[in-house]
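Peer 1: Input: one structure, supplied below.
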Amino acid sequence: MPNLRELDSFGEVAAEDDDVLDYFLKTGAVDQVLSGKILLVLGRKGSGKTALVRHFTEGDNKDHGKPLSLRSYPWTSHQQLVDQGASPSEAYVASWRLLIAIRLASMVCQLGSNTYLDSLKALQTFLKKNFNSIDPESRAILSRGRLDVNGLTVAPQVAGFALGSIIFGDESRKKVLGLELDSLTNSILNDVTTAIAELGISRLYLHFDELDQGLDQVDETKQKMLVGLILAAREISRSKSLRANICPIVYLRTDIWEQIEFSDKNKITQSASVNLQWDEQSLLQLVNTRLQARLGDEASWSNVEDGKKMRGSQSKWSHITSRTLLRPRDVIQFLNEALQVAKIRPDQNLSFCNDDINESREGYSTYLKHELDDEIGPHWKEWTEALQACSRTETITFQKADFMKNYRRTKGPDNPVNAEKALEMLYRFSVIGCEQRSSKGGSKWSFRYNDPNSGWDAFSPRYKVHQGLKEFAKLKEERAAEAK
Ligand SMILES: Nc1ncnc2c1ncn2[C@@H]1O[C@H](COP(=O)(O)OP(=O)(O)OP(=O)(O)O)[C@@H](O)[C@H]1O
Ligand SMILES: [Mg+2]
């Protein structure tokens, strides 16, 4: 029998620190990305965006370029590169296309490092001249102030004049910046195309992760920049002249995507995006894969727990997952808490019992609150005041009138969100769910994370705080009146 005492942990909660490649679970999203039709991977915090990027880009898979992490990306210097000749939503397409072209140049130079080709030589010269390296860091590419047009086979031209360099801060040339960027991009892509054909490359993927880092406040300019990146990715992937299938893929938090508006958004959401979604079953597979990697092929959830039902004859697994937002990070955190609790017991052969799970809820609940702080905070700094209003009801379910009354007391003067809007925001992030009564007399709780289609109901008879926050918000069950 597998023994939990031999397990150090269920893994780290962020894919950057986790040994995720030892136990990566291949979900449907993997094949969808590989199909080449996807521009955008959407998922809430902790849903597995970085895990996917690591799966694709680590190891010896040559089709996937080094990931472009936009952590500490110099948004402010990129912000200067407005294409004044383009419409507002396309103002940053030209600069992102250039960044993608330079990354592609770097990728083909690395793939062809043992081959001599004029096109590769041209790209190497360009990269070395500007960045001293054929593999410049993404964040360094557009923050240099100046790019020298050097080495490329077809010299970029604007209005018939050859371009010697692009100086980003040059006020007098601001009006033609878009044209200059486009023309440099086209020259780079020309050499990239030739190199791709000669090296026999048929497909290249480029992954952009961690866009949300540094996007604490998605103001209007940042929105335009994000839209620009997605449109630039689409243009490059559609480009017929490139002769290879180029697949730039942007990984983005769902809450940020929901904030952005532009004309083709719906089209892209419907036909070129994948949403990272998990359920009880796939999360169980994720945990089983981890247990097998660490405790041997025989290990699985069912043989590291004692099989006894929790209160309400719920299995331990359902008890845990109903306290998560069905995201891997939540499950891993809960199990790590439970493992620590279990290890305090003296049993040599250790498996989970109900008390381990009960005693980990407190610590888990604090984690969930903090994870939600990271997620909701950028949109609404004072959201805790709304949670405090829920706490004042004392029961996990409440009516709107109670919330309105309590929120008036907890809302501080700097909090711009009124009570109606506050409830809706809590629903949007699945902090609360709505009660839905059916015509047959039954009722159920509908949370956005597990029932995204039912939508916000401002007139629900009752609302319920998510089970995972019960301990943090110091709430009690309302057993007798509880809807099933
Ligand atoms: N397919 C998978 N197989 C195994 N583990 C996974 C998988 N997807 C996610 N995980 C694990 O779940 C946790 C959270 O995933 P990850 O860090 O990738 O989330 P994220 O969406 O990038 O979150 P954030 O928005 O905070 O960056 C990590 O421990 C990661 O290793
Ligand atoms: Mg991540």
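Ordered as shown in the structure tokens, chains take letters A, B, and onward, while each chain numbers its residues from 1 and ligands are numbered from 1 in the order shown.
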Within 9 Å of Ala386 in chain A, counting only C-alpha atoms, which residues qualify if same-chain residues fewer than 6 places away don't, as a list of chain:residue names?

Peer 2: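 Everything that qualifies: A:Phe403, A:Asn406, A:Tyr407, A:Thr410, A:Lys411, A:Ala419, A:Ala422, A:Leu423, A:Leu426.
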
Peer 1: Kindly export the residues of the current selection with C-alpha atoms, as a PDB file, in the first residue's frame.

Peer 2:
```
ATOM      1  CA  PHE A 403     -26.204  42.313   2.385  1.00  0.00           C
ATOM      2  CA  ASN A 406     -24.419  45.211   6.186  1.00  0.00           C
ATOM      3  CA  TYR A 407     -22.437  46.599   3.284  1.00  0.00           C
ATOM      4  CA  THR A 410     -18.539  47.808   6.170  1.00  0.00           C
ATOM      5  CA  LYS A 411     -18.014  49.957   3.075  1.00  0.00           C
ATOM      6  CA  ALA A 419     -23.996  47.458  -2.958  1.00  0.00           C
ATOM      7  CA  ALA A 422     -20.629  44.687  -5.161  1.00  0.00           C
ATOM      8  CA  LEU A 423     -22.914  41.640  -5.112  1.00  0.00           C
ATOM      9  CA  LEU A 426     -18.706  38.822  -5.861  1.00  0.00           C
TER      10      LEU A 426
END
```

Peer 1: Just want the 10 Å neighbourhood of range 1-11 of chain A, counted on only C-alpha atoms, with same-chain residues fewer than 2 positions away dropped. Output as a ChimeraX atom specification.

Peer 2: /A:13-15,17-20,23,287,290-292,294-301,303-305,329,331-340,342-343,346-352

Peer 1: Filtering to C-alpha atoms, could you give me those residues as a CSV table (one decimal), in the first residue's frame?

Peer 2:
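Ended up saving to part.csv:
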```csv
chain,number,residue,atom,x,y,z
A,13,VAL,CA,1.2,25.7,-6.3
A,14,ALA,CA,2.8,27.7,-9.1
A,15,ALA,CA,4.0,25.9,-12.2
A,17,ASP,CA,8.3,26.3,-8.9
A,18,ASP,CA,6.6,23.0,-9.4
A,19,ASP,CA,8.2,19.8,-10.9
A,20,VAL,CA,5.1,19.8,-13.2
A,23,TYR,CA,3.6,14.6,-13.6
A,287,VAL,CA,-3.7,14.1,-8.3
A,290,ARG,CA,1.2,13.1,-9.0
A,291,LEU,CA,0.8,10.2,-6.5
A,292,GLN,CA,2.0,7.7,-9.1
A,294,ARG,CA,6.0,10.0,-6.3
A,295,LEU,CA,4.8,6.8,-4.6
A,296,GLY,CA,4.7,4.3,-7.5
A,297,ASP,CA,2.4,3.0,-10.2
A,298,GLU,CA,-0.1,1.5,-7.7
A,299,ALA,CA,-0.7,4.7,-5.9
A,300,SER,CA,-4.0,6.6,-6.4
A,301,TRP,CA,-6.3,8.8,-4.3
A,303,ASN,CA,-5.6,4.1,-1.6
A,304,VAL,CA,-4.2,7.1,0.2
A,305,GLU,CA,-7.5,7.8,2.0
A,329,ARG,CA,-3.8,25.2,-7.6
A,331,VAL,CA,-6.6,21.3,-5.0
A,332,ILE,CA,-2.8,21.1,-4.5
A,333,GLN,CA,-2.9,23.6,-1.7
A,334,PHE,CA,-5.7,21.8,0.1
A,335,LEU,CA,-3.9,18.5,-0.1
A,336,ASN,CA,-0.7,20.0,1.1
A,337,GLU,CA,-2.5,21.4,4.1
A,338,ALA,CA,-4.0,18.0,4.7
A,339,LEU,CA,-0.7,16.2,4.3
A,340,GLN,CA,0.9,18.4,7.0
A,342,ALA,CA,-1.9,14.0,8.8
A,343,LYS,CA,1.9,13.8,9.3
A,346,PRO,CA,2.2,9.0,14.8
A,347,ASP,CA,0.9,6.3,12.3
A,348,GLN,CA,3.8,4.7,10.4
A,349,ASN,CA,1.5,3.7,7.5
A,350,LEU,CA,-0.3,6.9,6.8
A,351,SER,CA,-3.5,7.6,4.9
A,352,PHE,CA,-5.9,10.5,5.1
```

Peer 1: What residues have any atom no more than 8 Å from ligand 2 when counting only C-alpha atoms and all ligand atoms, and can you list them as a list in words?

Peer 2: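 These are the residues that qualify: Ala14, Ala15, Glu16, Lys45, Gly46, Gly48, Lys49, Thr50, Ala51, Asp209 and Glu210 of chain A.
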
Peer 1: Output C-alpha atoms for every residue in the selection just made, as a PDB file, in the first residue's frame.

Peer 2:
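Dumped to result-v2.pdb:
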```pdb
ATOM      1  CA  ALA A  14       2.763  27.730  -9.092  1.00  0.00           C
ATOM      2  CA  ALA A  15       3.987  25.924 -12.194  1.00  0.00           C
ATOM      3  CA  GLU A  16       7.180  28.037 -12.174  1.00  0.00           C
ATOM      4  CA  LYS A  45      -5.512  32.154 -11.855  1.00  0.00           C
ATOM      5  CA  GLY A  46      -4.108  28.753 -10.989  1.00  0.00           C
ATOM      6  CA  GLY A  48      -2.659  25.789 -15.526  1.00  0.00           C
ATOM      7  CA  LYS A  49      -1.514  28.351 -18.086  1.00  0.00           C
ATOM      8  CA  THR A  50       2.143  28.325 -17.099  1.00  0.00           C
ATOM      9  CA  ALA A  51       2.057  24.534 -16.716  1.00  0.00           C
ATOM     10  CA  ASP A 209       2.808  33.908 -20.832  1.00  0.00           C
ATOM     11  CA  GLU A 210       2.492  36.081 -17.755  1.00  0.00           C
TER      12      GLU A 210
END
```

Peer 1: Between A:Ser95, A:Ser77, A:Asn418, A:Ser106, which is the closest to Arg144 in chain A once you count only C-alpha atoms?

Peer 2: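 So, comparing all the options, the nearest one is A:Ser77.
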
Peer 1: What does the structure give for the distance between CA of Arg139 in chain A and CA of Ser72 in chain A, in Å to one decimal?

Peer 2: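 CA of Ser72 in chain A lies 7.7 Å from CA of Arg139 in chain A.
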
Peer 1: Can you tell me which residues surround Arg146 in chain A at a distance of at most 12 Å, considering only C-alpha atoms, apart from same-chain residues fewer than 5 positions away, and format the answer as a list in words?

Peer 2: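 With the cut-off at 12 Å, the set is Ser77, Leu81, Lys129, Asn130, Phe131, Ala140, Ile141, Gly164, Ser165, Ile166, Ile167, Phe168, Gly169, Asp170, Leu177, Glu180 and Leu181 of chain A.
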
Peer 1: For a quick check of understanding, using only C-alpha atoms and all ligand atoms, which of A:Val431, A:Leu283, A:Ile196, A:Cys247 has the smallest distance to ligand 1?

Peer 2: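 Closest to ligand 1 of all the choices is A:Leu283.
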
Peer 1: From the options A:Cys109, A:Leu231, A:Ala162, A:Ala155, which residue's atoms come nearest to Ala94 in chain A, counting only C-alpha atoms?

Peer 2: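 Closest to Ala94 in chain A, using only C-alpha atoms: A:Leu231.
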
Peer 1: Closest to Asp83 in chain A among A:Leu286, A:Ala105, A:Val176, A:Leu163, using only C-alpha atoms?

Peer 2: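 So, comparing all the options, the nearest one is A:Val176.
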
Peer 1: Write down as a list in words the residues belonging to range 19-116 of chain A that are assigned strand (DSSP E or B) by DSSP computed on the backbone.

Peer 2: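 Residues meeting the strand (DSSP E or B) criterion: Leu40, Val41, Leu42, Gly43, His64, Leu68 and Ser69 of chain A.
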